[in-house]
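Data file: my_file-v1.tsv. Format and content: TSV, C-alpha atoms.
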```tsv
chain	number	residue	atom	x	y	z
I	1	MET	CA	145.76	-221.91	-17.21
I	2	THR	CA	143.32	-219.70	-19.13
I	3	ASP	CA	144.90	-216.65	-17.51
I	4	ARG	CA	148.32	-217.77	-18.69
I	5	ILE	CA	147.13	-218.30	-22.26
I	6	GLU	CA	145.39	-214.97	-22.21
I	7	ARG	CA	148.53	-213.31	-20.82
I	8	ALA	CA	150.67	-214.94	-23.49
I	9	GLU	CA	148.25	-213.79	-26.19
I	10	GLU	CA	148.26	-210.26	-24.87
I	11	THR	CA	152.05	-210.20	-24.65
I	12	ALA	CA	152.28	-211.41	-28.25
I	13	LEU	CA	149.82	-208.72	-29.39
I	14	TRP	CA	151.81	-206.06	-27.59
I	15	ARG	CA	155.09	-207.24	-29.10
I	16	ARG	CA	153.58	-207.30	-32.54
I	17	TRP	CA	152.42	-203.71	-32.10
I	18	ARG	CA	155.80	-202.62	-30.77
I	19	ALA	CA	157.66	-204.28	-33.63
I	20	ALA	CA	155.46	-202.57	-36.20
I	21	ALA	CA	154.93	-199.17	-34.64
I	22	ALA	CA	157.51	-196.42	-34.69
I	23	THR	CA	156.68	-194.93	-31.33
I	24	ALA	CA	156.76	-191.16	-31.35
I	25	GLY	CA	158.34	-191.27	-27.89
I	26	GLU	CA	161.67	-192.51	-29.18
I	27	ALA	CA	162.20	-189.40	-31.27
I	28	ALA	CA	160.68	-186.96	-28.79
I	29	PRO	CA	163.09	-184.64	-26.95
I	30	ALA	CA	163.83	-185.73	-23.39
I	31	PRO	CA	161.82	-183.83	-20.79
I	32	ASP	CA	163.97	-181.83	-18.39
I	33	PRO	CA	164.36	-183.11	-14.81
I	34	LEU	CA	161.86	-180.58	-13.47
I	35	LEU	CA	159.17	-181.75	-15.90
I	36	LEU	CA	159.80	-185.38	-14.98
I	37	ALA	CA	159.70	-184.48	-11.29
I	38	ALA	CA	156.39	-182.65	-11.78
I	39	TYR	CA	155.04	-185.72	-13.62
I	40	ALA	CA	156.19	-187.99	-10.77
I	41	GLU	CA	154.20	-185.81	-8.37
I	42	HIS	CA	151.14	-185.83	-10.71
I	43	ARG	CA	151.22	-182.07	-11.07
I	44	LEU	CA	151.00	-181.91	-14.86
I	45	ASP	CA	147.87	-181.27	-16.88
I	46	GLU	CA	146.63	-183.95	-19.27
I	47	ALA	CA	148.38	-182.64	-22.38
I	48	ALA	CA	151.76	-182.23	-20.68
I	49	ALA	CA	151.40	-185.64	-18.99
I	50	GLU	CA	150.68	-187.27	-22.36
I	51	ASP	CA	153.90	-185.85	-23.82
I	52	VAL	CA	155.89	-187.25	-20.90
I	53	GLU	CA	154.12	-190.61	-21.17
I	54	ALA	CA	154.86	-190.80	-24.90
I	55	TRP	CA	158.55	-190.16	-24.13
I	56	LEU	CA	158.54	-192.75	-21.32
I	57	THR	CA	157.04	-195.35	-23.67
I	58	GLY	CA	160.02	-194.81	-25.98
I	59	HIS	CA	162.49	-194.81	-23.04
I	60	PRO	CA	161.16	-197.42	-20.61
I	61	GLU	CA	164.41	-197.36	-18.58
I	62	ALA	CA	163.36	-193.92	-17.29
I	63	ILE	CA	160.17	-195.37	-15.77
I	64	SER	CA	162.17	-196.57	-12.75
I	65	ASP	CA	163.59	-193.02	-12.37
I	66	VAL	CA	160.07	-191.63	-12.10
I	67	LEU	CA	159.07	-194.38	-9.65
I	68	SER	CA	162.12	-193.69	-7.46
I	69	ALA	CA	161.34	-189.98	-7.54
I	70	ALA	CA	157.74	-190.63	-6.50
I	71	ASP	CA	159.03	-192.78	-3.62
I	72	SER	CA	161.66	-190.28	-2.52
I	73	LYS	CA	159.22	-188.22	-0.50
I	74	MET	CA	157.52	-191.21	1.10
I	75	ASP	CA	160.27	-193.38	2.49
I	76	ARG	CA	163.08	-191.49	4.20
I	77	SER	CA	163.95	-194.49	6.36
I	78	GLN	CA	165.66	-196.06	3.32
I	79	SER	CA	168.12	-193.16	3.09
I	80	VAL	CA	171.78	-194.28	2.92
I	81	GLU	CA	174.27	-192.75	5.38
I	82	PRO	CA	177.16	-191.06	3.52
I	83	SER	CA	180.73	-191.21	4.87
I	84	GLU	CA	182.30	-188.11	6.43
I	85	ALA	CA	184.93	-188.11	3.69
I	86	ALA	CA	182.25	-188.00	0.99
I	87	LEU	CA	180.47	-185.17	2.80
I	88	ALA	CA	183.72	-183.21	3.20
I	89	ARG	CA	184.55	-183.68	-0.48
I	90	ALA	CA	181.15	-182.35	-1.55
I	91	MET	CA	181.19	-179.45	0.91
I	92	ALA	CA	184.64	-178.37	-0.30
I	93	LEU	CA	183.14	-177.50	-3.70
I	94	VAL	CA	181.92	-174.19	-2.26
I	95	PRO	CA	184.74	-172.21	-0.63
I	96	GLY	CA	184.39	-170.19	2.59
I	97	SER	CA	183.61	-166.46	2.56
I	98	ASP	CA	187.07	-165.23	3.64
I	99	PRO	CA	189.59	-167.29	1.76
I	100	LYS	CA	193.26	-166.53	2.38
I	101	VAL	CA	194.42	-164.21	-0.37
I	102	VAL	CA	198.16	-164.30	-1.18
I	103	PRO	CA	199.19	-161.09	-2.94
I	104	PHE	CA	201.42	-161.32	-5.98
I	105	ARG	CA	205.05	-160.15	-5.61
I	106	HIS	CA	205.61	-156.67	-6.93
I	107	ARG	CA	207.13	-156.96	-10.38
I	108	ALA	CA	209.94	-154.59	-11.24
I	109	ARG	CA	208.84	-152.18	-13.91
I	110	PRO	CA	210.79	-152.64	-17.12
I	111	VAL	CA	213.35	-149.87	-17.63
I	112	ALA	CA	213.80	-148.23	-20.99
I	113	VAL	CA	216.98	-149.20	-22.89
I	114	TRP	CA	218.07	-145.60	-23.32
I	115	ARG	CA	217.97	-145.04	-19.59
I	116	VAL	CA	220.27	-148.02	-19.02
I	117	ALA	CA	222.68	-146.79	-21.69
I	118	LEU	CA	222.67	-143.30	-20.23
I	119	ALA	CA	223.42	-144.62	-16.76
I	120	ARG	CA	226.35	-146.66	-18.05
I	121	VAL	CA	227.75	-143.72	-19.98
I	122	ALA	CA	227.46	-141.56	-16.87
I	123	VAL	CA	229.35	-144.13	-14.82
I	124	ALA	CA	232.07	-144.36	-17.45
I	125	ALA	CA	232.34	-140.58	-17.68
I	126	SER	CA	232.61	-140.17	-13.94
I	127	LEU	CA	235.33	-142.83	-13.82
I	128	LEU	CA	237.20	-140.97	-16.51
I	129	VAL	CA	236.92	-137.62	-14.72
I	130	VAL	CA	238.09	-139.17	-11.45
I	131	SER	CA	241.01	-140.76	-13.23
I	132	LEU	CA	242.08	-137.47	-14.82
I	133	VAL	CA	241.76	-135.51	-11.61
I	134	GLY	CA	243.63	-138.18	-9.74
I	135	PHE	CA	246.41	-138.21	-12.29
I	136	ALA	CA	246.72	-134.42	-12.23
I	137	LEU	CA	246.82	-134.27	-8.47
I	138	GLY	CA	249.38	-137.01	-8.36
I	139	THR	CA	251.57	-135.27	-10.92
I	140	ASP	CA	251.37	-132.00	-9.00
I	141	ALA	CA	252.34	-133.75	-5.82
I	142	TYR	CA	255.25	-135.40	-7.50
I	143	THR	CA	256.42	-132.15	-9.05
I	144	SER	CA	256.23	-130.24	-5.78
I	145	LEU	CA	258.05	-132.96	-3.89
I	146	SER	CA	260.80	-133.25	-6.46
I	147	GLY	CA	261.24	-129.43	-6.58
I	148	GLU	CA	260.87	-129.12	-10.35
I	149	GLN	CA	258.78	-126.45	-12.01
I	150	THR	CA	255.15	-127.30	-12.34
I	151	THR	CA	253.93	-127.88	-15.85
I	152	ALA	CA	250.47	-127.43	-17.31
I	153	MET	CA	248.16	-130.26	-16.36
I	154	GLY	CA	247.31	-131.11	-19.88
I	155	GLN	CA	250.97	-131.31	-21.04
I	156	ASP	CA	251.72	-134.00	-18.51
I	157	LEU	CA	249.33	-136.38	-20.19
I	158	PHE	CA	251.02	-136.22	-23.59
I	159	ASP	CA	254.58	-135.17	-22.65
I	160	PRO	CA	255.42	-136.58	-19.25
I	161	PRO	CA	258.42	-135.13	-17.44
I	162	SER	CA	261.67	-136.61	-18.64
I	163	GLY	CA	262.55	-137.92	-15.24
I	164	VAL	CA	259.33	-139.89	-14.65
I	165	PHE	CA	260.43	-143.18	-16.27
I	166	SER	CA	264.15	-142.58	-16.02
I	167	GLY	CA	264.28	-144.31	-12.68
I	168	PHE	CA	262.99	-147.56	-14.25
I	169	GLY	CA	265.90	-147.88	-16.62
I	170	GLU	CA	268.44	-147.36	-13.82
I	171	GLU	CA	266.69	-149.88	-11.57
I	172	SER	CA	266.64	-152.59	-14.20
I	173	SER	CA	270.25	-152.18	-15.09
I	174	SER	CA	271.43	-152.19	-11.49
O	1	MET	CA	162.46	-171.59	0.12
O	2	ALA	CA	162.30	-175.29	-0.67
O	3	ASP	CA	161.86	-177.97	2.00
O	4	GLY	CA	162.90	-175.33	4.55
O	5	LEU	CA	166.08	-174.50	2.62
O	6	ASP	CA	167.03	-170.93	1.65
O	7	LEU	CA	167.43	-171.43	-2.09
O	8	ALA	CA	168.46	-167.86	-2.81
O	9	SER	CA	171.38	-168.10	-0.36
O	10	LEU	CA	172.31	-171.50	-1.74
O	11	ILE	CA	172.49	-170.19	-5.31
O	12	ALA	CA	174.41	-167.14	-4.07
O	13	GLY	CA	177.15	-169.52	-2.88
O	14	ASN	CA	176.63	-169.21	0.86
O	15	LYS	CA	179.01	-171.75	2.37
O	16	ALA	CA	176.95	-172.51	5.48
O	17	VAL	CA	173.78	-173.09	3.46
O	18	TRP	CA	175.65	-175.30	0.96
O	19	ASP	CA	177.10	-177.42	3.78
O	20	ALA	CA	173.63	-177.82	5.30
O	21	PHE	CA	172.23	-178.78	1.88
O	22	VAL	CA	174.91	-181.46	1.40
O	23	ARG	CA	174.37	-182.91	4.89
O	24	ARG	CA	170.62	-183.00	4.41
O	25	TYR	CA	170.39	-184.51	0.90
O	26	ALA	CA	173.51	-186.65	0.50
O	27	GLY	CA	171.72	-189.67	1.96
O	28	LEU	CA	168.76	-189.17	-0.37
O	29	ILE	CA	171.05	-188.98	-3.40
O	30	LEU	CA	172.89	-192.16	-2.39
O	31	SER	CA	169.66	-194.08	-1.90
O	32	ALA	CA	168.26	-192.72	-5.19
O	33	VAL	CA	171.06	-194.35	-7.19
O	34	ARG	CA	170.97	-197.63	-5.28
O	35	GLY	CA	170.40	-200.36	-7.81
O	36	LEU	CA	172.01	-198.32	-10.59
O	37	VAL	CA	175.54	-198.31	-9.16
O	38	ARG	CA	177.39	-200.30	-6.49
O	39	GLU	CA	177.11	-199.00	-2.96
O	40	GLY	CA	180.20	-197.47	-1.42
O	41	THR	CA	182.82	-195.73	-3.55
O	42	GLU	CA	180.87	-195.82	-6.79
O	43	ALA	CA	177.75	-194.32	-5.21
O	44	GLU	CA	179.84	-191.63	-3.49
O	45	ASP	CA	181.44	-190.81	-6.84
O	46	VAL	CA	177.92	-190.20	-8.18
O	47	LEU	CA	177.24	-187.94	-5.18
O	48	GLN	CA	180.37	-185.90	-5.92
O	49	GLU	CA	179.66	-185.73	-9.65
O	50	MET	CA	176.14	-184.55	-8.95
O	51	CYS	CA	177.33	-181.86	-6.51
O	52	VAL	CA	179.80	-180.68	-9.17
O	53	ARG	CA	176.93	-180.47	-11.69
O	54	LEU	CA	174.86	-178.45	-9.23
O	55	CYS	CA	177.69	-175.96	-8.51
O	56	LYS	CA	179.01	-175.68	-12.05
O	57	ASP	CA	178.73	-172.38	-13.92
O	58	ASP	CA	177.53	-170.41	-10.91
O	59	PHE	CA	174.92	-173.02	-9.90
O	60	ARG	CA	173.34	-173.04	-13.36
O	61	LEU	CA	171.54	-176.40	-12.87
O	62	LEU	CA	170.30	-175.47	-9.41
O	63	ARG	CA	168.89	-172.23	-10.80
O	64	THR	CA	166.60	-174.24	-13.13
O	65	TYR	CA	164.80	-175.73	-10.12
O	66	ASP	CA	161.41	-174.20	-9.37
O	67	PRO	CA	159.82	-175.15	-6.04
O	68	ALA	CA	156.38	-174.23	-7.42
O	69	ARG	CA	156.56	-177.09	-9.96
O	70	ALA	CA	157.97	-180.01	-7.95
O	71	GLY	CA	159.47	-180.93	-4.59
O	72	LEU	CA	163.25	-180.64	-4.14
O	73	SER	CA	163.64	-184.30	-3.10
O	74	THR	CA	161.81	-185.46	-6.21
O	75	TRP	CA	163.88	-183.24	-8.49
O	76	LEU	CA	167.16	-184.28	-6.86
O	77	THR	CA	166.24	-187.95	-7.30
O	78	ILE	CA	165.66	-187.48	-11.03
O	79	VAL	CA	168.94	-185.55	-11.43
O	80	ALA	CA	170.86	-188.12	-9.35
O	81	ARG	CA	169.66	-191.06	-11.43
O	82	SER	CA	170.36	-189.17	-14.65
O	83	THR	CA	173.89	-188.42	-13.39
O	84	ALA	CA	174.43	-192.09	-12.48
O	85	ARG	CA	173.32	-193.22	-15.94
O	86	ASP	CA	175.60	-190.69	-17.63
O	87	MET	CA	178.55	-191.92	-15.57
O	88	GLN	CA	177.75	-195.53	-16.42
O	89	ARG	CA	177.56	-194.72	-20.12
O	90	ARG	CA	180.96	-192.99	-19.96
O	91	ARG	CA	182.54	-195.98	-18.24
O	92	ARG	CA	181.02	-198.73	-20.33
O	93	PRO	CA	181.94	-199.36	-23.95
O	94	PRO	CA	178.98	-198.49	-26.17
O	95	GLN	CA	176.53	-201.36	-25.84
O	96	SER	CA	172.78	-201.66	-25.61
O	97	ALA	CA	170.96	-203.93	-23.23
O	98	LEU	CA	168.60	-206.16	-25.13
O	99	GLU	CA	165.58	-204.83	-23.27
O	100	ASP	CA	166.55	-201.24	-24.13
O	101	VAL	CA	166.54	-201.93	-27.85
O	102	PRO	CA	163.12	-201.17	-29.29
O	103	GLU	CA	161.36	-204.31	-30.41
O	104	ARG	CA	160.94	-203.05	-33.93
O	105	LEU	CA	164.72	-203.09	-34.43
O	106	LEU	CA	164.91	-206.72	-33.35
O	107	ALA	CA	161.95	-207.80	-35.43
O	108	VAL	CA	162.59	-210.03	-38.41
O	109	VAL	CA	161.13	-208.45	-41.47
O	110	ASP	CA	159.16	-210.77	-43.68
O	111	GLN	CA	160.06	-209.56	-47.10
O	112	HIS	CA	157.41	-211.65	-48.77
O	113	SER	CA	154.44	-209.90	-47.21
O	114	GLU	CA	153.35	-206.32	-47.15
O	115	PRO	CA	153.90	-204.52	-43.81
O	116	LEU	CA	150.74	-204.00	-41.81
O	117	LYS	CA	149.29	-200.55	-41.95
O	118	PHE	CA	147.61	-199.21	-38.87
O	119	PRO	CA	146.70	-195.76	-37.54
O	120	LYS	CA	149.54	-194.23	-35.53
O	121	ASP	CA	147.14	-193.08	-32.84
O	122	LEU	CA	145.65	-196.55	-32.42
O	123	LEU	CA	146.68	-196.44	-28.76
O	124	SER	CA	146.78	-193.31	-26.63
O	125	PRO	CA	150.06	-192.36	-24.89
O	126	ARG	CA	148.54	-193.48	-21.59
O	127	GLN	CA	147.54	-196.85	-23.01
O	128	GLN	CA	150.98	-197.33	-24.55
O	129	LEU	CA	152.67	-196.50	-21.26
O	130	VAL	CA	150.46	-198.88	-19.30
O	131	LEU	CA	151.23	-201.73	-21.70
O	132	THR	CA	154.94	-200.84	-21.65
O	133	MET	CA	155.02	-201.01	-17.87
O	134	LEU	CA	153.05	-204.25	-17.72
O	135	TYR	CA	154.76	-206.15	-20.53
O	136	GLU	CA	158.22	-204.63	-20.88
O	137	ARG	CA	159.04	-203.61	-17.33
O	138	ASP	CA	157.12	-206.48	-15.76
O	139	MET	CA	155.46	-204.20	-13.27
O	140	ASP	CA	152.31	-205.24	-11.46
O	141	VAL	CA	149.03	-203.35	-11.50
O	142	ALA	CA	149.62	-201.76	-8.07
O	143	GLU	CA	153.00	-200.36	-9.15
O	144	VAL	CA	151.56	-198.99	-12.38
O	145	ALA	CA	148.71	-197.36	-10.43
O	146	ARG	CA	151.20	-195.76	-8.02
O	147	MET	CA	153.36	-194.50	-10.87
O	148	LEU	CA	150.42	-192.94	-12.71
O	149	GLY	CA	148.61	-191.74	-9.62
O	150	ILE	CA	145.42	-193.60	-10.55
O	151	ASP	CA	143.29	-196.39	-9.17
O	152	PRO	CA	144.38	-200.00	-9.89
O	153	GLN	CA	140.94	-200.59	-11.40
O	154	THR	CA	141.60	-197.75	-13.84
O	155	VAL	CA	144.85	-199.46	-14.83
O	156	ARG	CA	142.99	-202.70	-15.56
O	157	SER	CA	140.35	-200.80	-17.51
O	158	THR	CA	143.01	-198.96	-19.56
O	159	HIS	CA	144.78	-202.24	-20.26
O	160	HIS	CA	141.53	-203.92	-21.30
O	161	LYS	CA	140.57	-201.14	-23.73
O	162	ALA	CA	144.05	-201.16	-25.27
O	163	MET	CA	143.89	-204.91	-25.80
O	164	LEU	CA	140.47	-204.62	-27.42
O	165	LYS	CA	141.90	-202.12	-29.92
O	166	LEU	CA	144.90	-204.31	-30.67
O	167	ARG	CA	142.77	-207.43	-31.13
O	168	ALA	CA	140.37	-205.53	-33.36
O	169	HIS	CA	143.25	-204.44	-35.53
O	170	PHE	CA	145.52	-207.48	-35.63
O	171	GLY	CA	143.10	-210.23	-34.76
O	172	PRO	CA	143.66	-212.49	-31.75
O	173	GLU	CA	147.16	-213.99	-31.47
O	174	ARG	CA	147.61	-217.70	-30.86
O	175	PRO	CA	150.78	-218.26	-28.82
```
What is this structure when it is put down as C-alpha cells?
Amino acid sequence: MTDRIERAEETALWRRWRAAAATAGEAAPAPDPLLLAAYAEHRLDEAAAEDVEAWLTGHPEAISDVLSAADSKMDRSQSVEPSEAALARAMALVPGSDPKVVPFRHRARPVAVWRVALARVAVAASLLVVSLVGFALGTDAYTSLSGEQTTAMGQDLFDPPSGVFSGFGEESSS
Amino acid sequence: MADGLDLASLIAGNKAVWDAFVRRYAGLILSAVRGLVREGTEAEDVLQEMCVRLCKDDFRLLRTYDPARAGLSTWLTIVARSTARDMQRRRRPPQSALEDVPERLLAVVDQHSEPLKFPKDLLSPRQQLVLTMLYERDMDVAEVARMLGIDPQTVRSTHHKAMLKLRAHFGPERP
C-alpha cells in the first residue's frame, strides 16, 4: 500500500515537472541512425550519450527503437522468415552485371532541302530530255518510213509535218 | 567488412553480394518492425521500402554506415524501424497519439497563479530519461538497466536522486 502511494506521488511529481518543463530534447535535432545504433551498443562517450538521452526524453517513442536495436544482436531465433517473393522483389533492385542491351534503330540522317529540290529538278530534266529524244527519233522514223524529206529536229516541234494529223480528219469523217 | 559482408562490393553494386545481403538480413528487418506493422504484406512492404532506401542514389544511405561505430544488425534495426514509422505516418491522416503529445501541451494552465520557476538543469539528461522510461513508457528497472547498459541498482539510485531533487523543488505531492 505504501509502495503504491509512493509510486503515485512520484508519478504526480514527474508529470508536474513534465508539464512545466520545456524539455530541450523536443527541439534537439534527431540523431542519425548510426549515432542511435552506437548509443544502443553503449559505444558513445558521456557527452554524446547525454545528447542522445536528451533527445530520447523528448521523443520517448524512439526508446523502443533503441531497445530493439540492442536486442537485435542477442536474439536471432526471433528472426522472421521472409517469403521468396519478397526476397526476389528486393534482390531485383540491383540488376545483374551483363544486362541485355537493345541497340537503338539507326535514324536516317535528315537531308537538306536543297538536295531534295535538286534531285527532283534532275529527275524532271532527265524526263524532259528523254521525251525530246524520243519524239525526235520517232519523227525521224516516221519521215523515213513515209519517204518524205527529213526536216530539222527542232522544226518538227513547232511546225509538224502537214500530213501528221491529216489522217485523223479523214478517219473521223469516214 | 561488416559481419563478414564485403561492404565495398555491396556499395559498388555487386549483384551477388547484394543478393547475399538481402537473404541474410531480410529476416532481421522483418522481426525489427514486428509490433510496428502487421506481419505479412505490410511488413514485406517495409522490407522493400527499406531496400529501396538503401540502394537509392548509388547506395547513399548504405555509404553512411561505418562498421567502426556500430554493428550492421543494430544499424539496420534502427533504419528499419524508422522506415516503418515513416510509412505509417504517410498512410495515416495526421494525428498524434495521446502518449506522444508532451505533457506540457495537455496541461491546464492556471491563469490565476504565477508559473513555477525552476532551473532548467534541475535533472540531468540521464535522470530525465530514466524517469521517462519508468513513468511514461512503463518500463521496469531491468529493462531500463538493459537499455542504458548499467546495473539495475544504478537505475534505482538515479531514480531516487531525481525524485529527491523534484521533491525539494516542488514539495511532496499528495495524490
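Ranking O:Ser157, O:Val22, O:Pro67, O:Gly40 by their shortest atom-to-atom distance to Leu131 (chain O), with all atoms listed in the file included, puts O:Ser157 first.
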Compile the residues of chain O that lie within 7 Å of chain I, evaluated using all atoms listed in the file, and express the compilation as a count of residues only. 41
Determine, counting all atoms listed in the file, every residue of protein, DNA or RNA that lies within 8 Å of (165.3, -202.8, -21.5) in the file coordinates, then give the result as a PDB file with C-alpha atoms, keeping the file's coordinate frame.
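out-v7.pdb, written as the output of this step:
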```pdb
ATOM      1  CA  PRO I  60     161.160-197.420 -20.610  1.00  0.00           C
ATOM      2  CA  GLU I  61     164.410-197.360 -18.580  1.00  0.00           C
TER       3      GLU I  61
ATOM      4  CA  ALA O  97     170.960-203.930 -23.230  1.00  0.00           C
ATOM      5  CA  LEU O  98     168.600-206.160 -25.130  1.00  0.00           C
ATOM      6  CA  GLU O  99     165.580-204.830 -23.270  1.00  0.00           C
ATOM      7  CA  ASP O 100     166.550-201.240 -24.130  1.00  0.00           C
ATOM      8  CA  VAL O 101     166.540-201.930 -27.850  1.00  0.00           C
ATOM      9  CA  GLU O 136     158.220-204.630 -20.880  1.00  0.00           C
ATOM     10  CA  ARG O 137     159.040-203.610 -17.330  1.00  0.00           C
TER      11      ARG O 137
END
```
Spatial neighbours of Ala8 (chain O), max dist 12 Å, all atoms listed in the file, sep filter under 2 positions, as a ChimeraX atom specification: /O:1-2,4-6,10-14,17-18,59,62-63,65-67
Quick one: distance from CA of Thr64 (chain O) to CA of Glu49 (chain O) in Å, one decimal?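 We find that CA of Thr64 (chain O) and CA of Glu49 (chain O) lie 17.7 Å from each other.
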Pick out the closest residue to Pro31 (chain I) from this set: O:Met87, O:Phe170, O:Ser82, O:His159. Count only C-alpha atoms.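 Among O:Met87, O:Phe170, O:Ser82, O:His159, it is O:Ser82 that comes nearest to Pro31 (chain I).
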